[in-house]
There are 2 protein chains.
Amino acid sequence: MSKLKLGLFGFGCVGSGLYEVLSQSKFTGAELIKIVVKNKDKQRKPILVPFSYNPNEILEDDEINVVIELINDSSEAYRIIKAALIRKKHVVTANKKVLSEHLDELIQLAQQNGVSLLYEAAVAGSIPIIRNLEEYYNNDSLTSIDGILNGTTNYILSQVNDGKDYQTALKLAQDEGFAESNPTLDIHGFDAAYKLTLLIKHAFGLTIQINQVLTVGIQKINKEDLNYSNEKKYKVKLVARAFKDNGKLFAFVAPHFTSSNQNLFNVENEFNAISVQASFADKQLFYGKGAGSLPTASAVLSDVSSLLYDYKYEYKKTNDSNLVFSDDRFVKIYLGSEDVNNLSKIRFYNSDEFYVSKNYSFRIGIVRLTDLIKIDWNKQNDVSLILFSDLFDENLDSKQLTNFEFLNRNSNYSIH
Amino acid sequence: MSKLKLGLFGFGCVGSGLYEVLSQSKFTGAELIKIVVKNKDKQRKPILVPFSYNPNEILEDDEINVVIELINDSSEAYRIIKAALIRKKHVVTANKKVLSEHLDELIQLAQQNGVSLLYEAAVAGSIPIIRNLEEYYNNDSLTSIDGILNGTTNYILSQVNDGKDYQTALKLAQDEGFAESNPTLDIHGFDAAYKLTLLIKHAFGLTIQINQVLTVGIQKINKEDLNYSNEKKYKVKLVARAFKDNGKLFAFVAPHFTSSNQNLFNVENEFNAISVQASFADKQLFYGKGAGSLPTASAVLSDVSSLLYDYKYEYKKTNDSNLVFSDDRFVKIYLGSEDVNNLSKIRFYNSDEFYVSKNYSFRIGIVRLTDLIKIDWNKQNDVSLILFSDLFDENLDSKQLTNFEFLNRNSNYSIH
């Protein structure tokens, strides 16, 4: 492809970072022609590229062959991405929500128009995970992906694991610029869930909507839960997980107890990481900054520069895949509450531990993912839910279940 | 490129792994036509591809368009790689020694003949580090690379940090198949140094020979050194390091004290990892299996599959680079010996710590890299040398030096 002429939407954290990265790097293959921003009245330091307030000044400019979409408003972003693809412009975006909600439509639109839709920056900021899933593992069979995909929650949990209470940690994250003033998308796990669906597409070939994925936030985790975690030398991390078992794919985003033998255990503060398990390459970890102006902009620049050699995602796994998305399996959970009666919100198939006291109670045992996903845990204000990383056979046989029932009867409401 | 016809040299650990990976994966873009092995008498389980004992049966076969070189004998490997490139066959190899020693010649030969020379498997086995340096960081400015690039020494050091003595750990590594019966290349740091020169080429654009790189092995590290390390909560790791400072590039392979805030601290046993620091992308870590039959073969397969879209390394940094390779700077070292007089093998510019006892003495302080590299530390049987990760200004100013001299005079031979 000849010289790239870029039109940029958005000049916030990542947009201005991209301007800086383009100015500082020796990359000569692209020229930034125009920047469209929303707010006319916002004070901006003067730069060498003209600002405009009308999207059509980019979309209808035939000279511009690459649209970079880095705005906050996701409905407007969706409109821009579609319009750009239809006008046969390549699109580079970091908008995980738009991508996750409209992935197949946008992929198809790019293919029909013979242009590329690239979005490395949408998942784990600076970490080149999509590129590696696409190219490096394209002939390997992946079995699982475990990611810390949200820097805000990881920062908060690092503080919480360290002894701070949740509200203080959230305040600190906001002061440090790691959490937005309305951090619900991050805190409730949706941001990580959007990213997980994109990873699933590239790793396993399935298109999943986040409402199919159990999504549990970190907002309920309290001192009592942390006491248990610390006692067992765990750290609580918000883990986005997808794994293949017996022709089925399972996925969830939830707080997990991680132990020191797991790669994600040492991922702290605003860092992200993705642990990949493949049949041949075995276990691999990619670690880096999951957000931030320059790190995210560097991922955008990397996508832009790959357009010079007509790079496109191939979605090879999509055609290969005989996988079915499922929630039919057992998982081990910790459920904590001030009121022991809240621990019956879900049916347990056994009791590994059951602790009851006047102030706080918790129960640990195996439950069905199918049951778990029926409840919107972000709306259960009276319980905290944390998953264990252990995996179980998809179907516990009847003997195991009987055994579990037996344990259940004998341990119910006993003091631990 | 149309269908790839592969000729494979070598059917050892990685070669047979490649056969397995090709058989098991759904990759249909390549066909393995012939395998050339050296030893006619070796018992091999029958496979579907014919064995041959004459290299020309691959090299002179016009149908074969890709040569995969996975043999042990490096002079023979050099001959094969050259012959294949001259015959306009793409080459995929894992031979770090041949590549490091003849890199520019082989790159030129590939370019002249319009074919690709790929070697992801030569550095850190399954970790896609060369690919990522080539593509993902091609417009970012890298400042440093720190790698654990040798699984054998990392396995041994994991055992040693855990309390085993060096000889027991080496024996264990050999029993587990992580160390060869003659492990000198690994133990003395040469294997890591070869790999480091390849990373330097892709990250910084310079072609370096390993004799320019300070290379210190792990064989001298003993209980006394470990006592110091444990007391400070360090772990000793064999770190291959390259970093840019003020227009100069510095590189060394040596045992380092790593602390828990460093990414490499938690890399244990046979695993490899590379920590990359970039201007825009910031700090990133790539972690995975550095050796082993299937992980290494997966990297070879990944190279092979990228030939389908005519992938070539671009060595973009080579043309950009105004860097000069240098050893003109200060580093902080630990030098230990049973005889305190051995600690004067090198001039110290200060003494951070100086411990003397009847049985063991050590000294910690700043020395010149220029002085350090003049000594072949692998041949100094009476001292152990471990580096600290701290970096200092390239030139300590005269005031600092005076101050250090003063400290030096006052701390000499005092009991710590």
# chains A, B, ... in the order shown; residues from 1 in each chain; ligands from 1
$ residues_around --residues "Ser326 in chain A" --least-positions-apart "6" --cutoff "8 Å" --atoms "only C-alpha atoms" --output "list of chain:residue names"
A:Lys248, A:Leu249, A:Phe250
$ residues_around --residues "Phe204 in chain A" --least-positions-apart "2" --cutoff "9 Å" --atoms "only C-alpha atoms" --output "PyMOL selection string"
chain A and resi 141-143+199-202+206-207+243-244+249+317-318+320-321+323
$ interface_residues --of "chain B" --to "chain A" --cutoff "9 Å" --atoms "only C-alpha atoms" --output "compact mmCIF listing (two decimals) with all heavy atoms, in the first residue's frame"
# COMPACT_ATOMS: atom_id res chain seq x y z
N VAL B 21 3.99 -32.21 15.23
CA VAL B 21 3.16 -31.00 15.15
C VAL B 21 2.51 -30.89 13.77
O VAL B 21 1.33 -30.57 13.64
CB VAL B 21 4.03 -29.76 15.46
CG1 VAL B 21 3.36 -28.48 15.02
CG2 VAL B 21 4.32 -29.69 16.97
N SER B 25 -1.49 -30.90 13.62
CA SER B 25 -2.17 -29.63 13.40
C SER B 25 -2.98 -29.74 12.12
O SER B 25 -2.81 -30.65 11.32
CB SER B 25 -1.17 -28.49 13.28
OG SER B 25 -0.72 -28.36 11.95
N LYS B 26 -3.88 -28.79 11.96
CA LYS B 26 -4.72 -28.81 10.77
C LYS B 26 -4.08 -28.02 9.64
O LYS B 26 -4.74 -27.65 8.67
CB LYS B 26 -6.10 -28.22 11.10
CG LYS B 26 -6.90 -29.11 12.03
CD LYS B 26 -8.13 -28.37 12.55
CE LYS B 26 -8.88 -29.23 13.56
NZ LYS B 26 -9.72 -28.38 14.42
N PHE B 27 -2.80 -27.73 9.78
CA PHE B 27 -2.10 -26.92 8.79
C PHE B 27 -1.93 -27.69 7.48
O PHE B 27 -1.31 -28.74 7.44
CB PHE B 27 -0.74 -26.53 9.35
CG PHE B 27 0.07 -25.65 8.44
CD1 PHE B 27 -0.44 -24.45 7.97
CD2 PHE B 27 1.35 -26.02 8.06
CE1 PHE B 27 0.31 -23.64 7.13
CE2 PHE B 27 2.12 -25.22 7.24
CZ PHE B 27 1.59 -24.03 6.77
N GLY B 125 12.85 -20.58 22.36
CA GLY B 125 11.93 -21.65 21.95
C GLY B 125 10.58 -21.18 21.47
O GLY B 125 10.47 -20.56 20.40
N SER B 126 9.58 -21.41 22.26
CA SER B 126 8.20 -21.16 21.83
C SER B 126 7.80 -19.69 21.91
O SER B 126 6.72 -19.32 21.45
CB SER B 126 7.25 -21.95 22.72
OG SER B 126 7.30 -21.43 24.04
N ILE B 127 8.61 -18.84 22.50
CA ILE B 127 8.20 -17.45 22.69
C ILE B 127 8.41 -16.65 21.40
O ILE B 127 9.52 -16.63 20.87
CB ILE B 127 8.99 -16.78 23.84
CG1 ILE B 127 8.87 -17.61 25.12
CG2 ILE B 127 8.51 -15.36 24.07
CD1 ILE B 127 9.75 -17.11 26.26
N PRO B 128 7.35 -16.01 20.90
CA PRO B 128 7.46 -15.32 19.61
C PRO B 128 8.17 -13.97 19.71
O PRO B 128 7.66 -12.96 19.28
CB PRO B 128 6.01 -15.15 19.19
CG PRO B 128 5.25 -15.07 20.47
CD PRO B 128 5.99 -15.96 21.45
N ARG B 131 9.57 -12.28 16.17
CA ARG B 131 8.41 -11.79 15.43
C ARG B 131 7.88 -10.49 16.03
O ARG B 131 7.54 -9.53 15.33
CB ARG B 131 7.33 -12.87 15.46
CG ARG B 131 6.17 -12.62 14.56
CD ARG B 131 6.54 -12.91 13.12
NE ARG B 131 6.71 -14.33 12.93
CZ ARG B 131 5.71 -15.14 12.53
NH1 ARG B 131 4.53 -14.64 12.26
NH2 ARG B 131 5.91 -16.42 12.37
N ASN B 132 7.79 -10.46 17.35
CA ASN B 132 7.26 -9.25 17.99
C ASN B 132 8.23 -8.08 17.89
O ASN B 132 7.82 -6.94 17.71
CB ASN B 132 6.86 -9.54 19.43
CG ASN B 132 5.48 -10.17 19.52
OD1 ASN B 132 4.48 -9.50 19.32
ND2 ASN B 132 5.44 -11.47 19.75
N GLU B 135 7.87 -6.91 14.16
CA GLU B 135 6.63 -6.34 13.68
C GLU B 135 6.01 -5.37 14.64
O GLU B 135 5.56 -4.29 14.28
CB GLU B 135 5.61 -7.45 13.40
CG GLU B 135 6.01 -8.31 12.24
CD GLU B 135 4.99 -9.41 12.05
OE1 GLU B 135 3.80 -9.11 11.94
OE2 GLU B 135 5.42 -10.58 12.05
N TYR B 136 5.94 -5.79 15.90
CA TYR B 136 5.16 -4.99 16.83
C TYR B 136 5.92 -3.75 17.28
O TYR B 136 5.34 -2.69 17.46
CB TYR B 136 4.75 -5.84 18.03
CG TYR B 136 3.72 -5.14 18.87
CD1 TYR B 136 2.43 -4.97 18.39
CD2 TYR B 136 4.04 -4.63 20.10
CE1 TYR B 136 1.48 -4.28 19.13
CE2 TYR B 136 3.11 -3.95 20.86
CZ TYR B 136 1.82 -3.78 20.36
OH TYR B 136 0.90 -3.11 21.11
N TYR B 137 7.22 -3.91 17.46
CA TYR B 137 8.01 -2.78 17.93
C TYR B 137 8.75 -2.09 16.80
O TYR B 137 9.71 -1.37 17.04
CB TYR B 137 9.03 -3.23 18.97
CG TYR B 137 8.42 -3.87 20.18
CD1 TYR B 137 8.49 -5.23 20.38
CD2 TYR B 137 7.77 -3.10 21.14
CE1 TYR B 137 7.93 -5.82 21.50
CE2 TYR B 137 7.21 -3.68 22.26
CZ TYR B 137 7.30 -5.04 22.43
OH TYR B 137 6.74 -5.62 23.53
N ASN B 138 8.33 -2.32 15.56
CA ASN B 138 9.16 -1.83 14.46
C ASN B 138 9.20 -0.31 14.38
O ASN B 138 10.13 0.25 13.84
CB ASN B 138 8.76 -2.46 13.11
CG ASN B 138 7.32 -2.17 12.76
OD1 ASN B 138 6.60 -1.56 13.55
ND2 ASN B 138 6.90 -2.59 11.59
N ASN B 139 8.22 0.35 14.99
CA ASN B 139 8.27 1.81 15.01
C ASN B 139 8.41 2.39 16.42
O ASN B 139 8.24 3.57 16.63
CB ASN B 139 7.04 2.39 14.33
CG ASN B 139 7.04 2.08 12.87
OD1 ASN B 139 7.91 2.54 12.15
ND2 ASN B 139 6.12 1.26 12.43
N ASP B 140 8.67 1.51 17.35
CA ASP B 140 8.87 1.98 18.72
C ASP B 140 10.37 1.99 18.96
O ASP B 140 11.14 1.31 18.29
CB ASP B 140 8.17 1.03 19.69
CG ASP B 140 7.82 1.71 21.02
OD1 ASP B 140 8.45 2.74 21.33
OD2 ASP B 140 6.94 1.20 21.72
N SER B 141 10.79 2.80 19.91
CA SER B 141 12.21 2.84 20.22
C SER B 141 12.45 2.02 21.47
O SER B 141 11.93 2.32 22.53
CB SER B 141 12.61 4.29 20.43
OG SER B 141 13.96 4.33 20.80
N ASN B 263 10.53 -8.33 36.72
CA ASN B 263 9.72 -9.33 36.03
C ASN B 263 10.38 -10.70 35.96
O ASN B 263 9.70 -11.72 35.93
CB ASN B 263 9.44 -8.88 34.59
CG ASN B 263 8.34 -7.86 34.54
OD1 ASN B 263 7.48 -7.83 35.41
ND2 ASN B 263 8.37 -7.01 33.52
N ASN B 266 10.32 -14.13 38.95
CA ASN B 266 9.45 -15.29 39.10
C ASN B 266 9.55 -16.29 37.96
O ASN B 266 8.74 -17.21 37.87
CB ASN B 266 8.00 -14.82 39.23
CG ASN B 266 7.78 -14.03 40.50
OD1 ASN B 266 8.05 -14.53 41.59
ND2 ASN B 266 7.35 -12.79 40.36
N ALA B 273 12.02 -16.10 29.57
CA ALA B 273 11.23 -14.88 29.51
C ALA B 273 12.09 -13.75 28.99
O ALA B 273 13.31 -13.75 29.18
CB ALA B 273 10.66 -14.53 30.87
N SER B 275 12.01 -9.52 28.99
CA SER B 275 11.40 -8.27 29.41
C SER B 275 11.90 -7.18 28.48
O SER B 275 13.10 -7.00 28.30
CB SER B 275 11.82 -7.99 30.86
OG SER B 275 11.31 -6.76 31.28
N SER B 279 10.00 2.89 24.42
CA SER B 279 9.62 4.27 24.70
C SER B 279 8.11 4.44 24.81
O SER B 279 7.61 5.10 25.70
CB SER B 279 10.10 5.20 23.59
OG SER B 279 11.48 5.21 23.55
N PHE B 280 7.36 3.84 23.89
CA PHE B 280 5.92 4.04 23.88
C PHE B 280 5.19 2.90 24.57
O PHE B 280 4.35 3.12 25.43
CB PHE B 280 5.41 4.18 22.44
CG PHE B 280 6.13 5.23 21.66
CD1 PHE B 280 6.56 4.98 20.36
CD2 PHE B 280 6.39 6.48 22.21
CE1 PHE B 280 7.23 5.94 19.63
CE2 PHE B 280 7.06 7.46 21.49
CZ PHE B 280 7.48 7.18 20.20
N ALA B 281 5.48 1.66 24.19
CA ALA B 281 4.75 0.52 24.74
C ALA B 281 5.10 0.27 26.20
O ALA B 281 4.41 -0.44 26.90
CB ALA B 281 5.04 -0.73 23.92
N ASP B 282 6.20 0.89 26.67
CA ASP B 282 6.64 0.74 28.06
C ASP B 282 7.13 -0.68 28.32
O ASP B 282 7.64 -1.32 27.42
CB ASP B 282 5.49 1.14 29.01
CG ASP B 282 6.03 1.68 30.33
OD1 ASP B 282 7.04 1.16 30.82
OD2 ASP B 282 5.44 2.63 30.84
N LYS B 283 6.92 -1.18 29.53
CA LYS B 283 7.52 -2.47 29.92
C LYS B 283 6.63 -3.63 29.51
O LYS B 283 5.44 -3.62 29.78
CB LYS B 283 7.69 -2.47 31.45
CG LYS B 283 8.56 -3.56 31.98
CD LYS B 283 8.93 -3.33 33.44
CE LYS B 283 7.74 -3.38 34.38
NZ LYS B 283 8.12 -3.40 35.80
N GLN B 284 7.19 -4.61 28.85
CA GLN B 284 6.43 -5.80 28.47
C GLN B 284 7.22 -7.05 28.79
O GLN B 284 8.46 -7.04 28.77
CB GLN B 284 6.13 -5.77 26.97
CG GLN B 284 5.49 -4.46 26.53
CD GLN B 284 4.41 -4.64 25.53
OE1 GLN B 284 4.63 -5.20 24.48
NE2 GLN B 284 3.23 -4.19 25.87
N LEU B 285 6.51 -8.12 29.05
CA LEU B 285 7.18 -9.40 29.31
C LEU B 285 6.57 -10.48 28.44
O LEU B 285 5.36 -10.59 28.32
CB LEU B 285 7.04 -9.79 30.78
CG LEU B 285 7.79 -11.09 31.16
CD1 LEU B 285 9.27 -10.81 31.40
CD2 LEU B 285 7.18 -11.73 32.41
N PHE B 286 7.44 -11.28 27.84
CA PHE B 286 7.02 -12.45 27.09
C PHE B 286 7.59 -13.67 27.82
O PHE B 286 8.79 -13.73 28.08
CB PHE B 286 7.59 -12.42 25.67
CG PHE B 286 7.09 -11.26 24.86
CD1 PHE B 286 7.69 -10.01 24.96
CD2 PHE B 286 6.02 -11.41 23.99
CE1 PHE B 286 7.23 -8.94 24.22
CE2 PHE B 286 5.56 -10.33 23.25
CZ PHE B 286 6.16 -9.10 23.36
N TYR B 287 6.73 -14.63 28.11
CA TYR B 287 7.13 -15.73 28.98
C TYR B 287 6.65 -17.05 28.37
O TYR B 287 5.52 -17.11 27.86
CB TYR B 287 6.48 -15.50 30.34
CG TYR B 287 6.52 -16.63 31.32
CD1 TYR B 287 7.49 -16.69 32.30
CD2 TYR B 287 5.55 -17.63 31.28
CE1 TYR B 287 7.51 -17.72 33.22
CE2 TYR B 287 5.56 -18.67 32.20
CZ TYR B 287 6.54 -18.70 33.18
OH TYR B 287 6.55 -19.73 34.07
N GLY B 288 7.46 -18.06 28.39
CA GLY B 288 7.02 -19.36 27.88
C GLY B 288 8.12 -20.40 27.95
O GLY B 288 9.17 -20.17 28.55
N LYS B 289 7.86 -21.52 27.31
CA LYS B 289 8.83 -22.61 27.30
C LYS B 289 9.97 -22.26 26.35
O LYS B 289 9.75 -21.97 25.17
CB LYS B 289 8.17 -23.90 26.83
CG LYS B 289 7.25 -24.53 27.89
CD LYS B 289 7.96 -25.62 28.67
CE LYS B 289 7.13 -26.12 29.85
NZ LYS B 289 6.20 -27.19 29.46
N SER B 293 10.63 -30.34 22.79
CA SER B 293 10.32 -30.81 21.45
C SER B 293 9.14 -30.06 20.82
O SER B 293 9.30 -29.37 19.80
CB SER B 293 10.01 -32.31 21.54
OG SER B 293 9.64 -32.81 20.30
N LEU B 294 7.96 -30.13 21.40
CA LEU B 294 6.78 -29.52 20.78
C LEU B 294 6.79 -27.99 20.84
O LEU B 294 6.47 -27.34 19.84
CB LEU B 294 5.49 -30.08 21.39
CG LEU B 294 5.26 -31.58 21.19
CD1 LEU B 294 3.88 -31.98 21.67
CD2 LEU B 294 5.44 -31.99 19.73
N PRO B 295 7.14 -27.38 21.99
CA PRO B 295 7.17 -25.91 22.00
C PRO B 295 8.11 -25.33 20.93
O PRO B 295 7.74 -24.39 20.22
CB PRO B 295 7.66 -25.57 23.41
CG PRO B 295 7.21 -26.71 24.25
CD PRO B 295 7.35 -27.92 23.36
N THR B 296 9.31 -25.90 20.81
CA THR B 296 10.24 -25.38 19.80
C THR B 296 9.71 -25.66 18.39
O THR B 296 9.78 -24.81 17.50
CB THR B 296 11.64 -25.99 20.00
OG1 THR B 296 12.00 -25.85 21.38
CG2 THR B 296 12.67 -25.29 19.14
N ALA B 297 9.15 -26.87 18.22
CA ALA B 297 8.59 -27.20 16.91
C ALA B 297 7.43 -26.28 16.55
O ALA B 297 7.23 -25.94 15.38
CB ALA B 297 8.12 -28.66 16.89
N SER B 298 6.68 -25.83 17.54
CA SER B 298 5.56 -24.92 17.25
C SER B 298 6.07 -23.60 16.70
O SER B 298 5.43 -22.99 15.84
CB SER B 298 4.68 -24.70 18.48
OG SER B 298 5.23 -23.71 19.33
N ALA B 299 7.24 -23.17 17.19
CA ALA B 299 7.84 -21.94 16.64
C ALA B 299 8.30 -22.16 15.21
O ALA B 299 8.16 -21.29 14.35
CB ALA B 299 9.01 -21.49 17.51
N LEU B 301 6.96 -24.31 13.10
CA LEU B 301 5.74 -24.37 12.28
C LEU B 301 5.20 -22.96 12.01
O LEU B 301 4.74 -22.67 10.90
CB LEU B 301 4.66 -25.21 12.97
CG LEU B 301 3.32 -25.25 12.21
CD1 LEU B 301 3.47 -25.95 10.87
CD2 LEU B 301 2.23 -25.92 13.04
N SER B 302 5.30 -22.12 13.02
CA SER B 302 4.81 -20.76 12.86
C SER B 302 5.60 -20.02 11.77
O SER B 302 5.02 -19.31 10.94
CB SER B 302 4.91 -20.04 14.20
OG SER B 302 4.22 -18.84 14.16
N ASP B 303 6.92 -20.23 11.77
CA ASP B 303 7.75 -19.67 10.69
C ASP B 303 7.33 -20.24 9.33
O ASP B 303 7.20 -19.51 8.35
CB ASP B 303 9.23 -19.98 10.93
CG ASP B 303 9.87 -19.01 11.92
OD1 ASP B 303 9.22 -18.01 12.29
OD2 ASP B 303 11.02 -19.26 12.33
N SER B 305 4.49 -21.51 8.40
CA SER B 305 3.18 -21.05 7.92
C SER B 305 3.24 -19.60 7.45
O SER B 305 2.48 -19.20 6.57
CB SER B 305 2.10 -21.26 8.99
OG SER B 305 2.22 -20.30 10.00
N SER B 306 4.15 -18.82 8.03
CA SER B 306 4.23 -17.42 7.60
C SER B 306 4.87 -17.30 6.21
O SER B 306 4.74 -16.27 5.55
CB SER B 306 4.99 -16.59 8.62
OG SER B 306 6.36 -16.90 8.56
N ASP B 320 18.12 2.19 10.51
CA ASP B 320 17.86 3.37 11.33
C ASP B 320 19.00 3.71 12.27
O ASP B 320 19.15 4.84 12.69
CB ASP B 320 16.64 3.13 12.23
CG ASP B 320 15.35 3.08 11.43
OD1 ASP B 320 15.42 3.23 10.20
OD2 ASP B 320 14.30 2.87 12.03
$ select_by_dssp --residues "range 109-256 of chain A" --states "helix (DSSP H, G or I)" --output "VMD selection string"
chain A and resid 109 to 112 120 to 122 129 to 136 151 to 161 166 to 175 184 to 187 190 to 204 210 to 212 223 to 231
$ select_by_dssp --residues "range 159-397 of chain B" --states "strand (DSSP E)" --output "PyMOL selection string"
chain B and resi 214-215+235-245+248-258+271-278+282-289+324-325+330-337+353-355+361-368+383-388
$ residues_around --residues "Gln159 in chain B" --least-positions-apart "6" --cutoff "9 Å" --atoms "only C-alpha atoms" --output "list in words"
Asp165, Tyr166, Thr168, Ala169, Leu170, Leu172 and Asn269 of chain B
$ write_last_selection --atoms "N, CA and C atoms" --output "PDB file, in the first residue's frame"
ATOM      1  N   ASP B 165      22.908 -27.729  46.236  1.00  0.00           N
ATOM      2  CA  ASP B 165      24.212 -27.257  45.777  1.00  0.00           C
ATOM      3  C   ASP B 165      24.318 -27.424  44.263  1.00  0.00           C
ATOM      4  N   TYR B 166      25.259 -26.721  43.671  1.00  0.00           N
ATOM      5  CA  TYR B 166      25.343 -26.643  42.217  1.00  0.00           C
ATOM      6  C   TYR B 166      25.449 -28.008  41.550  1.00  0.00           C
ATOM      7  N   THR B 168      24.539 -31.027  42.603  1.00  0.00           N
ATOM      8  CA  THR B 168      23.277 -31.775  42.714  1.00  0.00           C
ATOM      9  C   THR B 168      22.254 -31.223  41.719  1.00  0.00           C
ATOM     10  N   ALA B 169      22.204 -29.914  41.623  1.00  0.00           N
ATOM     11  CA  ALA B 169      21.247 -29.275  40.719  1.00  0.00           C
ATOM     12  C   ALA B 169      21.555 -29.620  39.260  1.00  0.00           C
ATOM     13  N   LEU B 170      22.839 -29.612  38.913  1.00  0.00           N
ATOM     14  CA  LEU B 170      23.246 -29.967  37.548  1.00  0.00           C
ATOM     15  C   LEU B 170      22.859 -31.402  37.227  1.00  0.00           C
ATOM     16  N   LEU B 172      20.502 -33.149  38.594  1.00  0.00           N
ATOM     17  CA  LEU B 172      19.046 -33.205  38.498  1.00  0.00           C
ATOM     18  C   LEU B 172      18.578 -32.712  37.127  1.00  0.00           C
ATOM     19  N   ASN B 269      12.713 -22.554  36.719  1.00  0.00           N
ATOM     20  CA  ASN B 269      12.943 -23.829  36.054  1.00  0.00           C
ATOM     21  C   ASN B 269      13.207 -23.682  34.558  1.00  0.00           C
TER      22      ASN B 269
END
$ residues_around --residues "Leu369 in chain B" --least-positions-apart "6" --cutoff "8 Å" --atoms "only C-alpha atoms" --output "PyMOL selection string"
chain B and resi 327-331
$ write_last_selection --atoms "C-alpha atoms" --output "PDB file, in the first residue's frame"
ATOM      1  CA  ASP B 327      31.716  -1.313  27.048  1.00  0.00           C
ATOM      2  CA  ASP B 328      32.526   2.102  28.469  1.00  0.00           C
ATOM      3  CA  ARG B 329      30.409   2.299  31.601  1.00  0.00           C
ATOM      4  CA  PHE B 330      30.258   1.342  35.260  1.00  0.00           C
ATOM      5  CA  VAL B 331      28.496  -1.713  36.623  1.00  0.00           C
TER       6      VAL B 331
END
$ atom_distance --atom1 "CA of Val216 in chain B" --atom2 "CA of Asn378 in chain B"
5.9 Å
